[in-house]
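The structure appears right after this line, and notes come after that.
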Amino acid sequence: MKYINNIKSLLCGSLLLLAGGASFTSCTDWLDKDPESIVAEDEAFKNFRNFQGYIEEIYDCIPDKQKVNYCTSWNWGDDALHNPEGYAHMDHQVDLGNYRNIWKNSQQWLNGSGADGSWGAKYSLWKGAWYCIRKCNKGIANIKSLVGTDEERNLLLGQMYFFRAWWHFELMCYFGGLPYVDEAFPADAIPELPRLSFQECADRCAEDFERAYDLLPWDWDETLAGMQTSGKNDLRIDKFMALCYLGKVYLWAGSPLMKEFEKTKNGGVAQLLGASSNGKTYDYDIDYCKKAAETFGKALDMVAKGSVKYKLVGFKYSDIYNHTMDEKADNCYSDIFYTIKQSWKMPGSTEAIFRGACPGVNSAPWNCAKLFGPKVDGLVEHDNIIHHPTANLVDQYGMANGQPIYLVRNGQYVLNEASGWDPEHPFQNRDPRFYHDIVFDGFHYVINREGMTEAQKSHNLDYCSLYTGGAMREIDHGSASGYFIQKLIPHQCNIGDKWYDWDYAIQTYIPYMRLADVYLMYAEARTAIATSVADIKERPTYCPTLSAVEAINVLRDRVNTDDYPMEHVQPNLMDTREHFMDEVRRERTVELSFEGFRWCDLQRWLLLTEPPYTVKYSHEFERLEKDDWYYNSKTFEPQHDPKDARVGNFHKADIITRRLESKHYWFPLPDADTYLYEGFPQNPGW
């Protein structure tokens, strides 16, 4: 009984207790462990250095969603597609409603495995969570063994309380409420803890996040213990991280799905909802959302005052398509997601709040750098799997005038006439993030033409042909939707430019939380508790610098430049609380696109099974401009900006209708684990 052995051993079994003075020097060696660092239990807890080494294995267990196995999937909403060779991956299995595949599919992060078949340190949320929760409980129980200062004790306890809550919370997002495990059980015991509802479990998480907040410092470099690794503490848990996750657990607990599920405890969301969410997508739990708004407000007020180290990165590009940072800028948006020629430096810049460890030198090229572009004629090397955006996601990127292209009304996308979007020039005047993130027709994809093969040159593959029938629209080797994405991986990862080669030292990582997310969650929580339109424009006493509307506009201001302007939220989108909530959600979709949040958002908003979110579609159109409009046919240098191209017969075409019903709001638990004891029931419908 494989899964019984897993969960029982992870909760009750013995651990390798790690010691040693591992320091956060870089993503390649900050958690490297020497065989001599495996020590007896009585040694692991005796001093701060050993105890911290024990805790740092927990950091190493945080799954790196991008680099599980050789090809991963982490975008399970209506935002992403794989080409047919990737249909075995979990995003396509979610489309089919085959959630049970999560227990068989090793090529994803929720229950994945390493290339050697073991669950390893960076591969599995499910197994890693139970293992690390036990480590936290064992460490908390042994804190009395520490010979050290009060500061050292607080640092150790703060990390363990944070991680105990964090691992529980991450599991809850996919499986619902679970037993909250707060002690390390003997190896021969089956812990018959009751399965709590989501909100009950969230309350326990909140208690631990609050404990962590009380115990941890704002900056490790300013502590005596942290000074030993000064300048190398960026990944360590601090007070601001605990505060932001406290707000997140409150917002999730107050979200529409969790409020509805709480009414029946373990009675079942499937039976409660029937075939639809019955329009309850705006029905939040006010008490939880008030707590969320106050918590986020406190955090963002500190950001506004400059009293914490976190701040939004810039968006100053001299060439936005090629992610070339303006020479006067200190950082840029793409620094959040990848670094180039910086000795495999961990991405994130000043904006990433919570991250795990990078897996090491030259890992990105083999795991994710070759998965996002066209495989036509081998333009992007390696296997034939492509992870690309749906036209649904592309349509969420609105216009530079602050208007969405479409509004959702009565389960249908309705063209927003105020947007000014022109189907003959569909790529003009868009949100600047569109030009940063999305690869569209006519895009100059390969800059170094000399690095291409003769066949690739003869087919002019250095420029994207993504119109209907174009060379890069072949479903096996190109894009079914009409788009690629380069937000997380630059388009120069191709056979001509070869940014995935050793010399470029590309490193990638998607943060679990970044500052932009906190602005978005604050805006959502404030809107959820609003009783009038005036409330969304009002600055509360706990955040005197920011209203819900201003929180969204901060993100708009970040990307607003002379070359690519971006306006604030427009009045027609603030005429009702519900319409503004729609805009908050759209902003969240754009700002966090492809970062792995969309499925959880549609789920908690009670929209996962609802039209129009159940249909993934493409954009079909005819190219009216001749090839030499895009580039000089002799030098192959660009002639015109592809966003200005005129197209014909622009329309949508359905690709797949997702086979989801009410039971799909939660993933199933492994059946064998639900047989452990009566108080650990399976999720409804499974």
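In the structure tokens, each chain is lettered A, B, ... as it comes, each chain's residues begin at 1, and ligands are numbered from 1 in order of appearance.
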Within 9 Å of A:Ser73 using only C-alpha atoms, minus same-chain residues under 2 positions, as a ChimeraX atom specification: /A:65-66,68,71,75-76,82,89-92,107-109,387,596
Cut-off 10 Å: closest stretch 63-145 of chain A/stretch 616-636 of chain A atom pairs per residue, using only C-alpha atoms, as a tab-separated table:
residue	atom	partner	partner_atom	distance
A:Gly77	CA	A:Lys616	CA	9.5
A:Asp78	CA	A:Lys616	CA	6.0
A:Asp79	CA	A:Lys616	CA	7.8
A:Ala80	CA	A:Lys616	CA	8.4
A:Leu81	CA	A:Lys616	CA	8.5
A:Asp95	CA	A:Lys616	CA	9.2
Selected residues written out with C-alpha atoms, as a short mmCIF file (atom, residue, chain, number, x, y, z; two decimals), in the first residue's frame:
data_model
loop_
_atom_site.label_atom_id
_atom_site.label_comp_id
_atom_site.auth_asym_id
_atom_site.auth_seq_id
_atom_site.Cartn_x
_atom_site.Cartn_y
_atom_site.Cartn_z
CA GLY A 77 -6.35 27.18 -15.49
CA ASP A 78 -7.69 28.48 -18.80
CA ASP A 79 -4.36 30.16 -19.50
CA ALA A 80 -2.07 27.51 -21.00
CA LEU A 81 -1.77 24.69 -23.50
CA ASP A 95 -8.54 19.84 -19.06
#
Give the alpha helix (DSSP H) residues of stretch 59-257 of chain A, as DSSP finds them on the backbone, and put them as a PyMOL selection string. chain A and resi 59-60+90-95+125-141+150-175+198-215+239-254+256-257
Which one is closest to A:Asp476: A:Thr541, A:Ala418, A:Gly86, A:Ala293? Count only C-alpha atoms. A:Gly86
Find the residues near A:Ser532: any atom within 9 Å, counting only C-alpha atoms, skip ones fewer than 3 places away on the same chain, and give them as a PDB file with all heavy atoms, in the first residue's frame.
ATOM      1  N   ASP A 535     -16.337  52.937  -1.112  1.00  0.00           N
ATOM      2  CA  ASP A 535     -15.396  52.190  -0.270  1.00  0.00           C
ATOM      3  C   ASP A 535     -14.141  51.779  -1.035  1.00  0.00           C
ATOM      4  O   ASP A 535     -13.055  51.708  -0.466  1.00  0.00           O
ATOM      5  CB  ASP A 535     -16.069  50.936   0.300  1.00  0.00           C
ATOM      6  CG  ASP A 535     -17.085  51.263   1.386  1.00  0.00           C
ATOM      7  OD1 ASP A 535     -17.070  52.395   1.886  1.00  0.00           O
ATOM      8  OD2 ASP A 535     -17.887  50.366   1.725  1.00  0.00           O
ATOM      9  N   ILE A 536     -14.275  51.473  -2.317  1.00  0.00           N
ATOM     10  CA  ILE A 536     -13.106  51.004  -3.060  1.00  0.00           C
ATOM     11  C   ILE A 536     -12.145  52.150  -3.365  1.00  0.00           C
ATOM     12  O   ILE A 536     -10.991  51.908  -3.714  1.00  0.00           O
ATOM     13  CB  ILE A 536     -13.508  50.288  -4.371  1.00  0.00           C
ATOM     14  CG1 ILE A 536     -14.197  51.244  -5.340  1.00  0.00           C
ATOM     15  CG2 ILE A 536     -14.392  49.080  -4.082  1.00  0.00           C
ATOM     16  CD1 ILE A 536     -14.519  50.634  -6.698  1.00  0.00           C
ATOM     17  N   THR A 576     -19.903  49.710 -10.222  1.00  0.00           N
ATOM     18  CA  THR A 576     -20.421  48.827  -9.176  1.00  0.00           C
ATOM     19  C   THR A 576     -19.256  48.096  -8.525  1.00  0.00           C
ATOM     20  O   THR A 576     -18.170  47.960  -9.119  1.00  0.00           O
ATOM     21  CB  THR A 576     -21.407  47.770  -9.721  1.00  0.00           C
ATOM     22  OG1 THR A 576     -20.688  46.821 -10.525  1.00  0.00           O
ATOM     23  CG2 THR A 576     -22.519  48.407 -10.539  1.00  0.00           C
ATOM     24  N   ARG A 577     -19.468  47.604  -7.319  1.00  0.00           N
ATOM     25  CA  ARG A 577     -18.448  46.798  -6.630  1.00  0.00           C
ATOM     26  C   ARG A 577     -18.089  45.579  -7.460  1.00  0.00           C
ATOM     27  O   ARG A 577     -16.906  45.221  -7.580  1.00  0.00           O
ATOM     28  CB  ARG A 577     -18.977  46.381  -5.264  1.00  0.00           C
ATOM     29  CG  ARG A 577     -18.202  45.268  -4.565  1.00  0.00           C
ATOM     30  CD  ARG A 577     -18.925  44.810  -3.305  1.00  0.00           C
ATOM     31  NE  ARG A 577     -18.332  43.631  -2.711  1.00  0.00           N
ATOM     32  CZ  ARG A 577     -18.676  42.385  -2.997  1.00  0.00           C
ATOM     33  NH1 ARG A 577     -19.606  42.144  -3.928  1.00  0.00           N
ATOM     34  NH2 ARG A 577     -18.103  41.361  -2.385  1.00  0.00           N
TER      35      ARG A 577
END
Applying 10 Å and only C-alpha atoms, which residues near A:Glu417 remain after dropping the ones on its own chain fewer than 5 positions away? List them as an MDAnalysis selection string. chainID A and resid 403:407 422
Calculated over only C-alpha atoms, which of the candidates A:Leu669, A:Leu602, A:Ile385, A:Asp582 has the smallest distance to A:Pro681?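 The closest residue to A:Pro681 is A:Leu669.
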